[in-house]
Amino acid sequence: MMGSDDLQHDTLAEQLLELAAKSGAEAAEVLQSRSLAYPVFFEANRLKQLESAQAEGTALRLWRNGCPGLAVAYGPVEPQALVDRAIALSQLNEPETIELAGAAKNQYPDLGETVPVEQLVTWGREAIALIREANPDLICTAEWECEAETTRLLNSNGLDCGYTDTTLSCYLSAEWIRGDDFLCVSDGQTQRGSLDPTALVHQIMQRLEWARDNTQPLTGRVPILFTSKAADMLWGTVQSALSGKQVLEGASPWSDRLNELVTSEGLTLSQQPHIGPFSCPFDDEGTPTRAITFIDHGVLQLFYADFTTGRAIGSGTTGNGFRPGLGSYPTPGLFNIMIQPVGSVATGKSLPDLIATLDDGLVIDQMLGGGAGISGEFSINVDLGYRVKNGEVIGRVKDTMVSGNVYTALQQLLALGGDADWNGSCYTPSLIVDGLSVTARS
């Protein structure tokens with residue numbers, strides 16, 4: 001795997017800054033990224049292939065006469081050609097305020113540990129063996145991966161920072177075909193240091209057991225339990241509403257709600273940049289990341305922003321300027337979101353214990369279609385859901401749709417579990433909300 005100083009000793013970035021200055025740029029920034037991944041693929045219960053994937057990219061952003069230009073190269077770079085391209089693109093843009101992080105030299109500690117391919121193969125085989133031992137009719141597909149990414153950011157103000165991040169991830173799906181009835185249950189993990197195939201298999205087998213029988217869903221307005229995997233749909237909308245860019249554009253319904261109650265008082269939402277597998281020490285503008293509470297006991301505290309957005313809304317940058325890709329300009333982005341239950345809704349219960357609190361309701365674990373978007377309105381098809389009666393799962397529901405509004409649902413939180421897990425870069429527990437509408441085809 002790559003060492004954290006691989007990019008540190010590369011003189012390309014310094015060369016680009018020097019050439020940009022000679023070409024008339026008054027400010028410049030270089031972002032370099034190198035990644036090396038070892039994915040292991042399983043198909044139809046067998047090891048299918050081993051791969052290694054390497055990628056290297058360099059992005060140069062500069063300002064000439066106040067006009068920004070951004071050029072990207074992948075693989076070997078011809079420095080002057082990259083500078084010329086960025087200069088040419090700057091001539092097509094309007095002048096803007098130049099905002100760059102100040103001088104600092106920080107080589108941050110490497111994050112995570114490398115795991116050999118042999119270990120990934122062992123974990124994959126172990127997981128599939130455990131599933132087929134319980135049910136030989138199941139067909140498994142899986143991917144296990146170790147990826148190391150080294151990031152270095154330099155600018156003409158004297159900033160030079162970098163680190164290497166090694167993450168482990170896995171995805172496992174089990175297909176169950178019973179005549180005309182097809183069922184696919186999937187789950188995954190992202191961690192640093194180690195993965196837990198036994199825990200992953202337990203989650204999948206529990207859901208397969210709940211889906212053993214099909215049953216008619218409850219319809220009308222009923223309590224809905226979103227598993228931690230499904231709850232991510234709700235938090236996607238919340239992250240959009242907290243974006244300073246959405247506030248500037250007048251799209252966020254919370255634009256004028258600072259210091260007001262926007263969700264149930266039982267909810268605190270924060271960003272914890274130094275915890276979990278998605279942690280990072282600085283954003284793509286070079287600002288050190290920091291812990292921030294955005295919603296405290298339901299009260300909106302702050303919007304997240306990059307340099308440009310922070311200046312426009314008056315908060316300054318919150319260290320949340322990220323690039324969707326090397327070829328993109330920084331924009332407000334949220335990561336390592338932690339959902340913390342507080343007060344009476346904080347049950348601390350496991351998923352089965354949460355289910356036991358429902359007299360009559362629906363559990364949603366997998367959905368078809370996109371999320372709610374910034375409006376909060378959603379109408380989703382339930383890909384994998386279960387009917388609950390008298391505190392017990394009585395079977396899987398099919399041809400069922402759930403609709404409602406995310407903002408309304410979060411004001412009607414009945415309970416949050418103690419089973420938080422990483423889903424994407426969001427650490428969320430399962431939760432129960434009231435009053436969503438359920439319809440079903442007979």
# chains A, B, ... in the order shown; residues from 1 in each chain; ligands from 1
$ residues_around --residues "range 437-440 of chain A" --least-positions-apart "6" --cutoff "8 Å" --atoms "only C-alpha atoms" --output "list of chain:residue names"
A:Pro217, A:Leu218, A:Thr219, A:Gly220, A:Arg221, A:Val222, A:Lys398, A:Asp399, A:Thr400, A:Met401, A:Val402, A:Ser403, A:Gly404
$ closest_atom_pairs --of "range 305-424 of chain A" --to "range 32-52 of chain A" --cutoff "12 Å" --atoms "only C-alpha atoms" --output "tab-separated table"
residue	atom	partner	partner_atom	distance
A:Gly325	CA	A:Ser33	CA	10.5
A:Leu326	CA	A:Ser33	CA	8.4
A:Gly327	CA	A:Gln32	CA	11.5
$ write_last_selection --atoms "N, CA, C and O atoms" --output "compact mmCIF listing (two decimals), in the first residue's frame"
# COMPACT_ATOMS: atom_id res chain seq x y z
N GLY A 325 -15.86 15.74 -7.06
CA GLY A 325 -14.84 15.04 -7.83
C GLY A 325 -13.68 15.98 -8.05
O GLY A 325 -13.79 17.19 -7.82
N LEU A 326 -12.53 15.48 -8.51
CA LEU A 326 -11.37 16.35 -8.71
C LEU A 326 -11.66 17.48 -9.68
O LEU A 326 -11.12 18.57 -9.57
N GLY A 327 -12.54 17.21 -10.65
CA GLY A 327 -12.85 18.22 -11.66
C GLY A 327 -13.92 19.21 -11.24
O GLY A 327 -14.40 19.98 -12.07
$ residues_around --residues "Pro352 in chain A" --least-positions-apart "3" --cutoff "12 Å" --atoms "only C-alpha atoms" --output "mmCIF file with N, CA, C and O atoms, in the first residue's frame"
data_model
loop_
_atom_site.group_PDB
_atom_site.id
_atom_site.type_symbol
_atom_site.label_atom_id
_atom_site.label_comp_id
_atom_site.auth_asym_id
_atom_site.auth_seq_id
_atom_site.Cartn_x
_atom_site.Cartn_y
_atom_site.Cartn_z
ATOM 1 N N GLN A 203 -27.267 -10.203 10.515
ATOM 2 C CA GLN A 203 -28.260 -9.211 10.075
ATOM 3 C C GLN A 203 -29.062 -9.735 8.884
ATOM 4 O O GLN A 203 -30.291 -9.590 8.829
ATOM 5 N N GLN A 206 -31.403 -12.703 9.913
ATOM 6 C CA GLN A 206 -32.561 -12.227 10.675
ATOM 7 C C GLN A 206 -33.648 -11.727 9.732
ATOM 8 O O GLN A 206 -34.833 -12.038 9.896
ATOM 9 N N ARG A 207 -33.247 -10.995 8.706
ATOM 10 C CA ARG A 207 -34.221 -10.441 7.763
ATOM 11 C C ARG A 207 -34.834 -11.533 6.885
ATOM 12 O O ARG A 207 -36.012 -11.482 6.542
ATOM 13 N N TRP A 210 -37.514 -13.146 8.938
ATOM 14 C CA TRP A 210 -38.724 -12.313 8.996
ATOM 15 C C TRP A 210 -39.507 -12.376 7.687
ATOM 16 O O TRP A 210 -40.722 -12.198 7.669
ATOM 17 N N LEU A 225 -41.426 1.837 11.352
ATOM 18 C CA LEU A 225 -40.084 1.672 11.902
ATOM 19 C C LEU A 225 -39.106 1.607 10.730
ATOM 20 O O LEU A 225 -39.172 0.698 9.908
ATOM 21 N N THR A 227 -35.397 0.873 9.727
ATOM 22 C CA THR A 227 -34.137 0.325 10.233
ATOM 23 C C THR A 227 -33.036 1.355 9.985
ATOM 24 O O THR A 227 -33.216 2.302 9.211
ATOM 25 N N GLY A 348 -32.540 3.314 23.619
ATOM 26 C CA GLY A 348 -31.374 2.455 23.782
ATOM 27 C C GLY A 348 -31.637 1.007 23.391
ATOM 28 O O GLY A 348 -30.831 0.127 23.657
ATOM 29 N N LYS A 349 -32.767 0.752 22.724
ATOM 30 C CA LYS A 349 -33.179 -0.625 22.430
ATOM 31 C C LYS A 349 -32.591 -1.146 21.127
ATOM 32 O O LYS A 349 -32.320 -0.393 20.199
ATOM 33 N N ILE A 355 -39.052 -3.331 17.723
ATOM 34 C CA ILE A 355 -40.200 -3.980 17.072
ATOM 35 C C ILE A 355 -41.226 -4.426 18.113
ATOM 36 O O ILE A 355 -42.437 -4.294 17.919
ATOM 37 N N ALA A 356 -40.740 -4.907 19.260
ATOM 38 C CA ALA A 356 -41.632 -5.394 20.318
ATOM 39 C C ALA A 356 -42.503 -4.295 20.908
ATOM 40 O O ALA A 356 -43.524 -4.588 21.550
ATOM 41 N N THR A 357 -42.142 -3.008 20.680
ATOM 42 C CA THR A 357 -42.956 -1.907 21.217
ATOM 43 C C THR A 357 -44.138 -1.563 20.317
ATOM 44 O O THR A 357 -45.003 -0.789 20.711
ATOM 45 N N LEU A 358 -44.172 -2.133 19.091
ATOM 46 C CA LEU A 358 -45.239 -1.813 18.136
ATOM 47 C C LEU A 358 -46.417 -2.780 18.287
ATOM 48 O O LEU A 358 -46.233 -3.998 18.208
ATOM 49 N N VAL A 363 -42.306 -2.316 9.316
ATOM 50 C CA VAL A 363 -40.858 -2.119 9.343
ATOM 51 C C VAL A 363 -40.376 -1.967 7.906
ATOM 52 O O VAL A 363 -40.694 -2.801 7.048
ATOM 53 N N VAL A 388 -45.818 -5.844 11.427
ATOM 54 C CA VAL A 388 -45.686 -6.136 12.847
ATOM 55 C C VAL A 388 -47.065 -6.145 13.486
ATOM 56 O O VAL A 388 -47.875 -5.243 13.250
ATOM 57 N N GLY A 391 -46.312 -6.684 18.559
ATOM 58 C CA GLY A 391 -44.889 -6.699 18.893
ATOM 59 C C GLY A 391 -44.061 -7.748 18.203
ATOM 60 O O GLY A 391 -42.883 -7.923 18.525
ATOM 61 N N GLU A 392 -44.644 -8.470 17.229
ATOM 62 C CA GLU A 392 -43.899 -9.509 16.525
ATOM 63 C C GLU A 392 -44.029 -9.348 15.015
ATOM 64 O O GLU A 392 -45.091 -8.972 14.514
ATOM 65 N N VAL A 393 -42.956 -9.666 14.304
ATOM 66 C CA VAL A 393 -42.999 -9.664 12.839
ATOM 67 C C VAL A 393 -43.786 -10.892 12.392
ATOM 68 O O VAL A 393 -43.464 -12.025 12.778
ATOM 69 N N GLY A 417 -33.601 3.969 18.433
ATOM 70 C CA GLY A 417 -32.983 2.794 19.032
ATOM 71 C C GLY A 417 -31.556 3.029 19.480
ATOM 72 O O GLY A 417 -30.996 4.115 19.315
ATOM 73 N N GLY A 418 -30.970 1.979 20.041
ATOM 74 C CA GLY A 418 -29.569 2.020 20.449
ATOM 75 C C GLY A 418 -28.707 1.182 19.532
ATOM 76 O O GLY A 418 -27.643 0.711 19.922
ATOM 77 N N ASP A 419 -29.181 0.995 18.287
ATOM 78 C CA ASP A 419 -28.506 0.100 17.334
ATOM 79 C C ASP A 419 -27.822 0.866 16.215
ATOM 80 O O ASP A 419 -27.778 0.409 15.078
ATOM 81 N N SER A 430 -31.958 2.831 14.268
ATOM 82 C CA SER A 430 -33.324 2.639 13.774
ATOM 83 C C SER A 430 -34.242 3.622 14.495
ATOM 84 O O SER A 430 -33.922 4.091 15.594
ATOM 85 N N LEU A 431 -35.374 3.928 13.885
ATOM 86 C CA LEU A 431 -36.283 4.895 14.512
ATOM 87 C C LEU A 431 -37.733 4.607 14.132
ATOM 88 O O LEU A 431 -38.006 4.004 13.098
#
$ select_by_dssp --residues "range 341-414 of chain A" --states "strand (DSSP E or B)" --output "ChimeraX atom specification"
/A:341,346,360-368,377-389,392-397,400-405,413-414
$ atom_distance --atom1 "CA of Leu70 in chain A" --atom2 "CA of Gly286 in chain A"
16.7 Å
$ select_by_dssp --residues "range 239-440 of chain A" --states "alpha helix (DSSP H)" --output "JSON, numbers by chain"
{"A": [239, 240, 241, 244, 245, 246, 247, 248, 307, 308, 309, 310, 311, 312, 313, 351, 352, 353, 354, 355, 406, 407, 408, 409, 410, 411]}
$ closest_residue --among "A:Met205, A:Ile98, A:Leu89, A:Leu154" --to "Leu138 in chain A" --atoms "only C-alpha atoms"
A:Met205
$ residues_around --residues "range 18-25 of chain A" --least-positions-apart "4" --cutoff "12 Å" --atoms "only C-alpha atoms" --output "ChimeraX atom specification"
/A:11-14,29-30,60-71,78-88,90-91,98,154-157
$ write_last_selection --atoms "N, CA and C atoms" --output "compact mmCIF listing (two decimals), in the first residue's frame"
# COMPACT_ATOMS: atom_id res chain seq x y z
N THR A 11 7.39 16.53 -6.39
CA THR A 11 7.59 17.98 -6.60
C THR A 11 6.62 18.57 -7.60
N LEU A 12 5.72 17.74 -8.16
CA LEU A 12 4.78 18.24 -9.17
C LEU A 12 3.95 19.40 -8.65
N ALA A 13 3.42 19.29 -7.44
CA ALA A 13 2.54 20.33 -6.91
C ALA A 13 3.27 21.67 -6.82
N GLU A 14 4.50 21.64 -6.27
CA GLU A 14 5.28 22.88 -6.17
C GLU A 14 5.56 23.47 -7.55
N GLU A 29 -3.96 26.73 -6.32
CA GLU A 29 -4.13 25.64 -5.36
C GLU A 29 -4.01 24.32 -6.13
N VAL A 30 -3.33 23.33 -5.52
CA VAL A 30 -3.18 22.01 -6.15
C VAL A 30 -3.70 20.94 -5.19
N LEU A 60 -5.62 21.46 -10.60
CA LEU A 60 -5.05 22.79 -10.41
C LEU A 60 -6.15 23.83 -10.52
N ARG A 61 -6.31 24.61 -9.44
CA ARG A 61 -7.27 25.72 -9.46
C ARG A 61 -6.47 27.01 -9.29
N LEU A 62 -6.69 27.95 -10.18
CA LEU A 62 -5.96 29.22 -10.11
C LEU A 62 -6.88 30.40 -10.40
N TRP A 63 -6.39 31.58 -10.08
CA TRP A 63 -7.12 32.82 -10.38
C TRP A 63 -6.18 33.76 -11.13
N ARG A 64 -6.64 34.21 -12.27
CA ARG A 64 -5.88 35.21 -13.03
C ARG A 64 -6.80 36.39 -13.28
N ASN A 65 -6.37 37.57 -12.86
CA ASN A 65 -7.22 38.77 -12.89
C ASN A 65 -8.52 38.52 -12.13
N GLY A 66 -8.41 37.68 -11.07
CA GLY A 66 -9.58 37.40 -10.23
C GLY A 66 -10.52 36.36 -10.79
N CYS A 67 -10.24 35.84 -12.00
CA CYS A 67 -11.14 34.87 -12.64
C CYS A 67 -10.62 33.45 -12.39
N PRO A 68 -11.49 32.56 -11.93
CA PRO A 68 -11.04 31.20 -11.60
C PRO A 68 -10.95 30.29 -12.82
N GLY A 69 -9.98 29.39 -12.79
CA GLY A 69 -9.87 28.35 -13.81
C GLY A 69 -9.47 27.05 -13.14
N LEU A 70 -10.07 25.94 -13.57
CA LEU A 70 -9.81 24.65 -12.95
C LEU A 70 -9.49 23.63 -14.05
N ALA A 71 -8.35 22.97 -13.92
CA ALA A 71 -7.95 21.94 -14.89
C ALA A 71 -7.50 20.69 -14.13
N GLU A 78 1.71 16.79 -17.66
CA GLU A 78 2.62 17.75 -18.29
C GLU A 78 2.32 19.10 -17.63
N PRO A 79 3.16 19.55 -16.68
CA PRO A 79 2.82 20.70 -15.84
C PRO A 79 2.40 21.96 -16.60
N GLN A 80 3.19 22.39 -17.61
CA GLN A 80 2.87 23.63 -18.31
C GLN A 80 1.54 23.51 -19.06
N ALA A 81 1.28 22.34 -19.62
CA ALA A 81 0.02 22.14 -20.35
C ALA A 81 -1.18 22.26 -19.41
N LEU A 82 -1.04 21.75 -18.18
CA LEU A 82 -2.13 21.85 -17.20
C LEU A 82 -2.36 23.30 -16.79
N VAL A 83 -1.27 24.03 -16.59
CA VAL A 83 -1.37 25.46 -16.24
C VAL A 83 -2.03 26.23 -17.38
N ASP A 84 -1.60 25.97 -18.61
CA ASP A 84 -2.16 26.68 -19.77
C ASP A 84 -3.67 26.43 -19.89
N ARG A 85 -4.07 25.18 -19.60
CA ARG A 85 -5.49 24.86 -19.70
C ARG A 85 -6.30 25.61 -18.64
N ALA A 86 -5.76 25.66 -17.42
CA ALA A 86 -6.46 26.38 -16.35
C ALA A 86 -6.54 27.88 -16.65
N ILE A 87 -5.45 28.44 -17.20
CA ILE A 87 -5.45 29.86 -17.57
C ILE A 87 -6.49 30.13 -18.65
N ALA A 88 -6.56 29.25 -19.66
CA ALA A 88 -7.53 29.43 -20.75
C ALA A 88 -8.96 29.38 -20.22
N SER A 90 -9.91 30.15 -17.20
CA SER A 90 -10.17 31.32 -16.35
C SER A 90 -10.67 32.50 -17.18
N GLN A 91 -10.29 32.56 -18.44
CA GLN A 91 -10.71 33.66 -19.30
C GLN A 91 -12.20 33.60 -19.65
N ILE A 98 -11.14 35.90 -4.10
CA ILE A 98 -10.22 34.76 -3.95
C ILE A 98 -10.12 34.41 -2.47
N LEU A 154 -1.95 21.74 -1.55
CA LEU A 154 -1.02 22.86 -1.42
C LEU A 154 -1.64 24.11 -2.03
N ASN A 155 -1.27 25.29 -1.51
CA ASN A 155 -1.70 26.51 -2.18
C ASN A 155 -0.61 27.58 -2.10
N SER A 156 -0.84 28.66 -2.82
CA SER A 156 0.17 29.72 -2.95
C SER A 156 0.30 30.56 -1.68
N ASN A 157 -0.58 30.33 -0.68
CA ASN A 157 -0.45 31.02 0.60
C ASN A 157 0.55 30.32 1.52
$ residues_around --residues "Cys280 in chain A" --least-positions-apart "4" --cutoff "12 Å" --atoms "only C-alpha atoms" --output "PyMOL selection string"
chain A and resi 108-112+149-151+161-167+271-276+284+286-291+319-320+322+334-336+425
$ atom_distance --atom1 "CA of Glu147 in chain A" --atom2 "CA of Ser194 in chain A"
12.7 Å
$ residues_around --residues "range 372-380 of chain A" --least-positions-apart "2" --cutoff "7 Å" --atoms "only C-alpha atoms" --output "ChimeraX atom specification"
/A:237,240-241,252,367-370,382,401-407
$ atom_distance --atom1 "CA of Ser243 in chain A" --atom2 "CA of Tyr304 in chain A"
5.4 Å
$ closest_residue --among "A:Asn390, A:Ser228, A:Gln191, A:Ser315" --to "Ala420 in chain A" --atoms "only C-alpha atoms"
A:Ser228
$ closest_residue --among "A:Pro136, A:Pro429, A:Gly236, A:Pro76" --to "Gly371 in chain A" --atoms "only C-alpha atoms"
A:Gly236
$ residues_around --residues "range 257-262 of chain A" --least-positions-apart "6" --cutoff "7 Å" --atoms "only C-alpha atoms" --output "number ranges by chain"
A: 298-302
